[in-house]
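Okay, structure first, notes after.
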Amino acid sequence: MSRITVENVTRRYGDVRAVDGVSLDVAHGDFLVLLGPSGCGKSTLLRMIAGLVPPSDGRVLVDGRDVTETPARDRDLAMVFQSYALYPHLTVARNIGFPLRTRRQRRAEISARVAEVADILDLGKLLDRRPRELSGGQRQRVALGRALVRDPGAFLMDEPLSNLDAQLRTATRTEITELHHRLGRTFVYVTHDQVEAMTMATSVAVLNHGRLEQVGTPTEVYDTPASAFVAGFLGSPPMNLLDAEVVARDGRLHAVAAGVDVPLGLGDPGQQGEPGKQGEPGEQVRRPAVLGIRPEHLSLRPAASDGAAPEATLRGTVRTIENLGSEEIAHCRVGAAEVAVRARRPAGFTVGEAVVLTVRPEHTHLFDRESGRRLVWRPDRDAPIPAARVPVAT
Amino acid sequence: MSGMFVEVAPPTLPVPIVAPAAVGDRGRTARRLARRLGRGVVPYLYLVPALGMLIVWTYRPLVETANYSFYSWNLSPTQPATPVGWDNYHRLFTLPELGGSVWRTLLMIIGLLPFTIVIPVVVGLLSREVRGRARSFYQALIFLPFLVAPVASAAVWQWLLSPRSGAVNRATGSSVNWFHERWPALIAITGITGWHVLGFAVVVVAAGLASINSDYAEAASVDGASRWQITRWLTLPLLSPTLVFLVLSTVLLFAPQWTFPLIDSLTQGGPVDATTNVYYLLWEYGIQSFDAGLASAAGVVFFIGFGLVAAVLLWISERVTIHDD
Ligand SMILES: Nc1ncnc2c1ncn2[C@@H]1O[C@H](COP(=O)(O)OP(=O)(O)OP(=O)(O)O)[C@@H](O)[C@H]1O
Ligand SMILES: [Mg+2]
């Protein structure tokens, strides 16, 4: 069992900060997924944990012990490489047994342990083959076997499924999750695939340009993204992000933009302004923000009730429709922005038609325009409404 | 209830594709055949220049050599060549020089292997620790002797190894007369050739090491391997194709051929044949003794002999080397 702690770790390559001041704490038995787009520093961070790349700054701790200066071979971690890095001249059995051989275990012990691992991974028939005689999925399992064979404190995996086809990837995903449950070991897993992150992780760390954007459970990261980047990275299609302005109307807050008028369900109706001011909403309060709405939280309002609902929210035109089988995605133009709507088929969209979309207030997200951080509402009786909406870093 | 189930028909093309009508017309068939033949010939046309060069410069002389080996001729244009059957081969195998020269060639090969294998591997492994510009400088330094013309280096070494005033003897305090004693002469020729090819071998090994994917060493270090274990269990096996190439070069090229300019300018095969290897013997027969028949016979024998050696080495290397893919 190992707890892995990363304290303020930075890695510079010349002027580039591949990893920039990242702090993480991975508890015993956690499955942490490092998620982010290509080039965001996931591999670099993982390799610093493994001891293959020295950090320019900061510390790495395993079980509270500072291992920043400890060579990789003394860290008691196992790593699965994206390329698998199977030793091409050794048979499957010798590949799997390699970590035991370096520890000078006896031959009989090694082959017993290799047989055990081969059994778990269903590699028994392939033990005498060389890596080049294996399929991609089999190579992947051998790489996994080489990590499993010595019962390390933690497993580090760098995109281990990216070379597999879609079907095998789904199957192997389940296998790795099961393995995690059975072994109860700490896993740190790098991927740019959000499905892997959502399905496998106990916690997800989202990286962007070497910086940590958010750490949380898959649910937290998806439901309450801490930044516009996280919101725009997760989900397919990702969250719709629209430049909007927050205005107070009747003491309630609305996000307003061209074709958009969304009540946010915030504010206190008791603080309603004088009746005379009702006709000029937003005169008092304007705050630029980014409004976020997930495509699955938008729903089509029947055209008949259109006029009857003044608080109706997004008005636009359907441009294209994608049929996903069980669902469909309509891409609509709302004002100057593109908005995706995801709905169960048949959803009743027609290309070129004007639509009115609604969203429940609790399904709206607000982000700061400059920093991109999430904005949370902090009710404050005394202060006027706009001052209360300060960005709170989460 | 009236009605029935009707199967959904599998998709069909709305309009049947019309198969091209069979052409009975002879002329058209013949033309098509010609076109296909023409297309088949094109790749060989591309090969013609290269093949032509090979035939003119390599295979024709080879055939001529084989032909001359059955004649007696003294290379004089006025003297006709007279056919003598297998006489030249008989003479070649009864003369004592052949066995001796093969043996000395073997000694040169053994003497060169440290320069072409051992030192380059050690230097290559150590210089991996040197980074960036310093490393290029270091490698250039080692490669430099390779660029010196053999005759020039022969002159320099002759001076360095001169018995009384030479730097080597003065430094070691010995009085060896390098080029006039049997073993020292052989050692000197081998050593100078080794000094010459060392840089080349170092660069080849460095390239071989650089082509090994660094993932292996990283995976091994996470797997708990020490630096020495990584070298022994991964780096050297993965370097084996490079090492086989260097062994082949030593056997077929460095020891028999690249020694030639040094032998010719420093010892002329002496003293008492002590530095006469197979190629020098060949040259002696042909150019010094004007015995074209004997030299041709020796040439044919060495050609076949080296061909066999190369085949055996390649056969072994196929079994031993690891190809990373
Ligand atoms: N050895 C290196 N020298 C210079 N720059 C590097 C080096 N390794 C990584 N970088 C840079 O650091 C940044 C992060 O690289 P890293 O490999 O960690 O990305 P990643 O998140 O793993 O991307 P991917 O998903 O494509 O694997 C990139 O901009 C990359 O160019
Ligand atoms: Mg990577």
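Ligands are numbered from 1 in the order shown, chains are lettered A, B, ... in the order of the structure tokens, and residues start at 1 in each chain.
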
Near chain B, meaning an atom within 7 Å, which residues of chain A appear when counting only C-alpha atoms? Write them as a compact mmCIF listing (two decimals) with N, CA, C and O atoms, in the first residue's frame.
# COMPACT_ATOMS: atom_id res chain seq x y z
N LEU A 52 11.57 8.81 -13.16
CA LEU A 52 12.27 8.79 -14.44
C LEU A 52 12.66 10.20 -14.88
O LEU A 52 13.54 10.38 -15.71
N ALA A 72 14.53 5.46 -9.51
CA ALA A 72 13.28 4.78 -9.84
C ALA A 72 13.23 3.37 -9.26
O ALA A 72 12.19 2.92 -8.77
N ARG A 73 14.37 2.67 -9.30
CA ARG A 73 14.30 1.26 -8.93
C ARG A 73 14.10 1.04 -7.43
O ARG A 73 13.78 -0.07 -7.02
N ASP A 74 14.29 2.08 -6.65
CA ASP A 74 14.09 1.91 -5.21
C ASP A 74 12.77 2.48 -4.73
O ASP A 74 12.55 2.62 -3.53
N LEU A 77 7.50 1.10 -7.14
CA LEU A 77 6.33 1.39 -7.96
C LEU A 77 6.46 0.58 -9.24
O LEU A 77 7.55 0.23 -9.66
N ALA A 78 5.31 0.25 -9.83
CA ALA A 78 5.35 -0.43 -11.12
C ALA A 78 4.71 0.48 -12.15
O ALA A 78 3.79 1.22 -11.84
N MET A 79 5.24 0.42 -13.36
CA MET A 79 4.72 1.33 -14.38
C MET A 79 4.41 0.57 -15.65
O MET A 79 5.18 -0.29 -16.07
N ALA A 85 6.74 -1.09 -23.84
CA ALA A 85 8.17 -1.31 -23.58
C ALA A 85 8.47 -2.74 -23.20
O ALA A 85 9.23 -3.01 -22.28
N TYR A 87 10.42 -6.08 -23.49
CA TYR A 87 11.78 -6.33 -23.96
C TYR A 87 11.71 -7.27 -25.16
O TYR A 87 11.29 -8.42 -25.02
N PRO A 88 12.11 -6.81 -26.34
CA PRO A 88 11.81 -7.56 -27.56
C PRO A 88 12.53 -8.90 -27.67
O PRO A 88 12.07 -9.77 -28.38
N HIS A 89 13.66 -9.05 -26.98
CA HIS A 89 14.42 -10.29 -27.14
C HIS A 89 14.06 -11.33 -26.09
O HIS A 89 14.60 -12.42 -26.11
N PRO A 99 11.12 -8.24 -13.36
CA PRO A 99 11.29 -7.52 -12.09
C PRO A 99 11.76 -8.42 -10.95
O PRO A 99 12.45 -7.96 -10.05
N THR A 102 15.59 -9.08 -11.44
CA THR A 102 16.45 -8.00 -10.95
C THR A 102 16.61 -8.07 -9.44
O THR A 102 17.57 -7.55 -8.90

List as a PDB file with C-alpha atoms, in the first residue's frame the protein and nucleic acid residues lying within 8 Å of ligand 2, with only C-alpha atoms and all ligand atoms counted.
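Output saved as pocket05.pdb:
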ATOM      1  CA  SER A  38      -2.307  16.194 -25.379  1.00  0.00           C
ATOM      2  CA  GLY A  39       0.781  18.006 -24.166  1.00  0.00           C
ATOM      3  CA  GLY A  41       2.044  17.422 -18.845  1.00  0.00           C
ATOM      4  CA  LYS A  42       0.336  14.209 -17.716  1.00  0.00           C
ATOM      5  CA  SER A  43       3.182  11.948 -18.748  1.00  0.00           C
ATOM      6  CA  THR A  44       5.761  14.284 -17.301  1.00  0.00           C
ATOM      7  CA  GLN A  82       2.064   3.566 -23.430  1.00  0.00           C
ATOM      8  CA  ASP A 158       0.582   5.956 -18.974  1.00  0.00           C
ATOM      9  CA  GLU A 159      -2.294   5.641 -21.455  1.00  0.00           C
ATOM     10  CA  VAL A 190      -2.856   8.820 -17.267  1.00  0.00           C
ATOM     11  CA  THR A 191      -5.353   9.262 -20.048  1.00  0.00           C
TER      12      THR A 191
END

Checklist entry - Counting only C-alpha atoms and all ligand atoms, what residues are within 10 Å of ligand 1, given as a PyMOL selection string? => result chain A and resi 11-19+34-48+53+82+158-159+162+190-193+207-210

What residues in range 27-275 of chain B get the DSSP label strand (DSSP E)? Please answer as a short mmCIF file (atom, residue, chain, number, x, y, z; two decimals) with N, CA, C and O atoms, in the first residue's frame.
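Contents of part36.cif, freshly written:
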data_model
loop_
_atom_site.label_atom_id
_atom_site.label_comp_id
_atom_site.auth_asym_id
_atom_site.auth_seq_id
_atom_site.Cartn_x
_atom_site.Cartn_y
_atom_site.Cartn_z
N TYR B 71 44.99 -19.98 -67.06
CA TYR B 71 46.01 -19.68 -68.06
C TYR B 71 47.33 -19.36 -67.36
O TYR B 71 47.34 -19.04 -66.17
N SER B 72 48.37 -19.46 -68.13
CA SER B 72 49.66 -18.97 -67.66
C SER B 72 49.98 -17.71 -68.46
O SER B 72 50.00 -17.74 -69.68
N THR B 82 48.75 -18.83 -72.19
CA THR B 82 48.61 -20.23 -72.59
C THR B 82 47.79 -20.98 -71.57
O THR B 82 48.01 -20.84 -70.37
N PRO B 83 46.85 -21.78 -72.07
CA PRO B 83 46.00 -22.51 -71.13
C PRO B 83 46.79 -23.60 -70.41
O PRO B 83 47.60 -24.29 -71.00
#

Atom pair CA of Trp195 in chain B + CA of Ala154 in chain B, distance 11.3 Å

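Put simply, CA of Leu262 in chain B is 8.4 Å away from CA of Ser153 in chain B.
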
**OP:** Tell me, as JSON, numbers by chain, which residues lie within 9 Å of Leu212 in chain A, counting only C-alpha atoms; anything in the same chain fewer than 4 positions away does not count.
**Re:** {"A": [19, 20, 21, 22, 23, 24, 205, 206, 207, 208]}

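Within 9 Å of Pro218 in chain A, once only C-alpha atoms are used and residues closer than 5 positions along the same chain are dropped, the contacting residues are Ala197, Met198, Thr199, Met200, Ala201, Thr202, Ser203, Val204 and Asp223 of chain A.
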
CA of Tyr280 in chain B to CA of Phe146 in chain B measures 21.6 Å

>> as a ChimeraX atom specification, please: the residues near range 111-121 of chain B (cut-off 9 Å, only C-alpha atoms, same-chain neighbours under 4 positions excluded).
In response: /B:106-107,125-126,187,190-191,193-195,197-206,236,243,246-247,249-250,254-255

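For the choices A:Leu366, A:Leu127, A:Ala347, A:Ile329, the atom-to-atom distance to Leu241 in chain A is smallest for A:Leu366 when using only C-alpha atoms.
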
Residues within 8 Å of range 291-293 of chain B, please, as a ChimeraX atom specification. Count only C-alpha atoms; anything in the same chain fewer than 2 positions from it doesn't count.
/B:68-75,88,285-287,289,295-297

Legend entry - Within 9 Å of Leu253 in chain A using only C-alpha atoms, minus same-chain residues under 2 positions, as a ChimeraX atom specification: /A:246-251,255,262-268,385

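Closest approach to Ala166 in chain A among A:Thr5, A:Asp122, A:Ala336, A:Gly137 is made by A:Gly137 (distances from only C-alpha atoms).
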
Shortest contact to Ala50 in chain A, candidates A:Glu109, A:Asp63, A:Asp119, A:Asp76, atoms counted only C-alpha atoms, goes to A:Asp76

Determine which residues of range 96-244 of chain A receive a DSSP assignment of alpha helix (DSSP H), computed from the backbone, and state them as a ChimeraX atom specification. /A:96-102,107-121,136-148,166-183,194-200,218-223,228-233
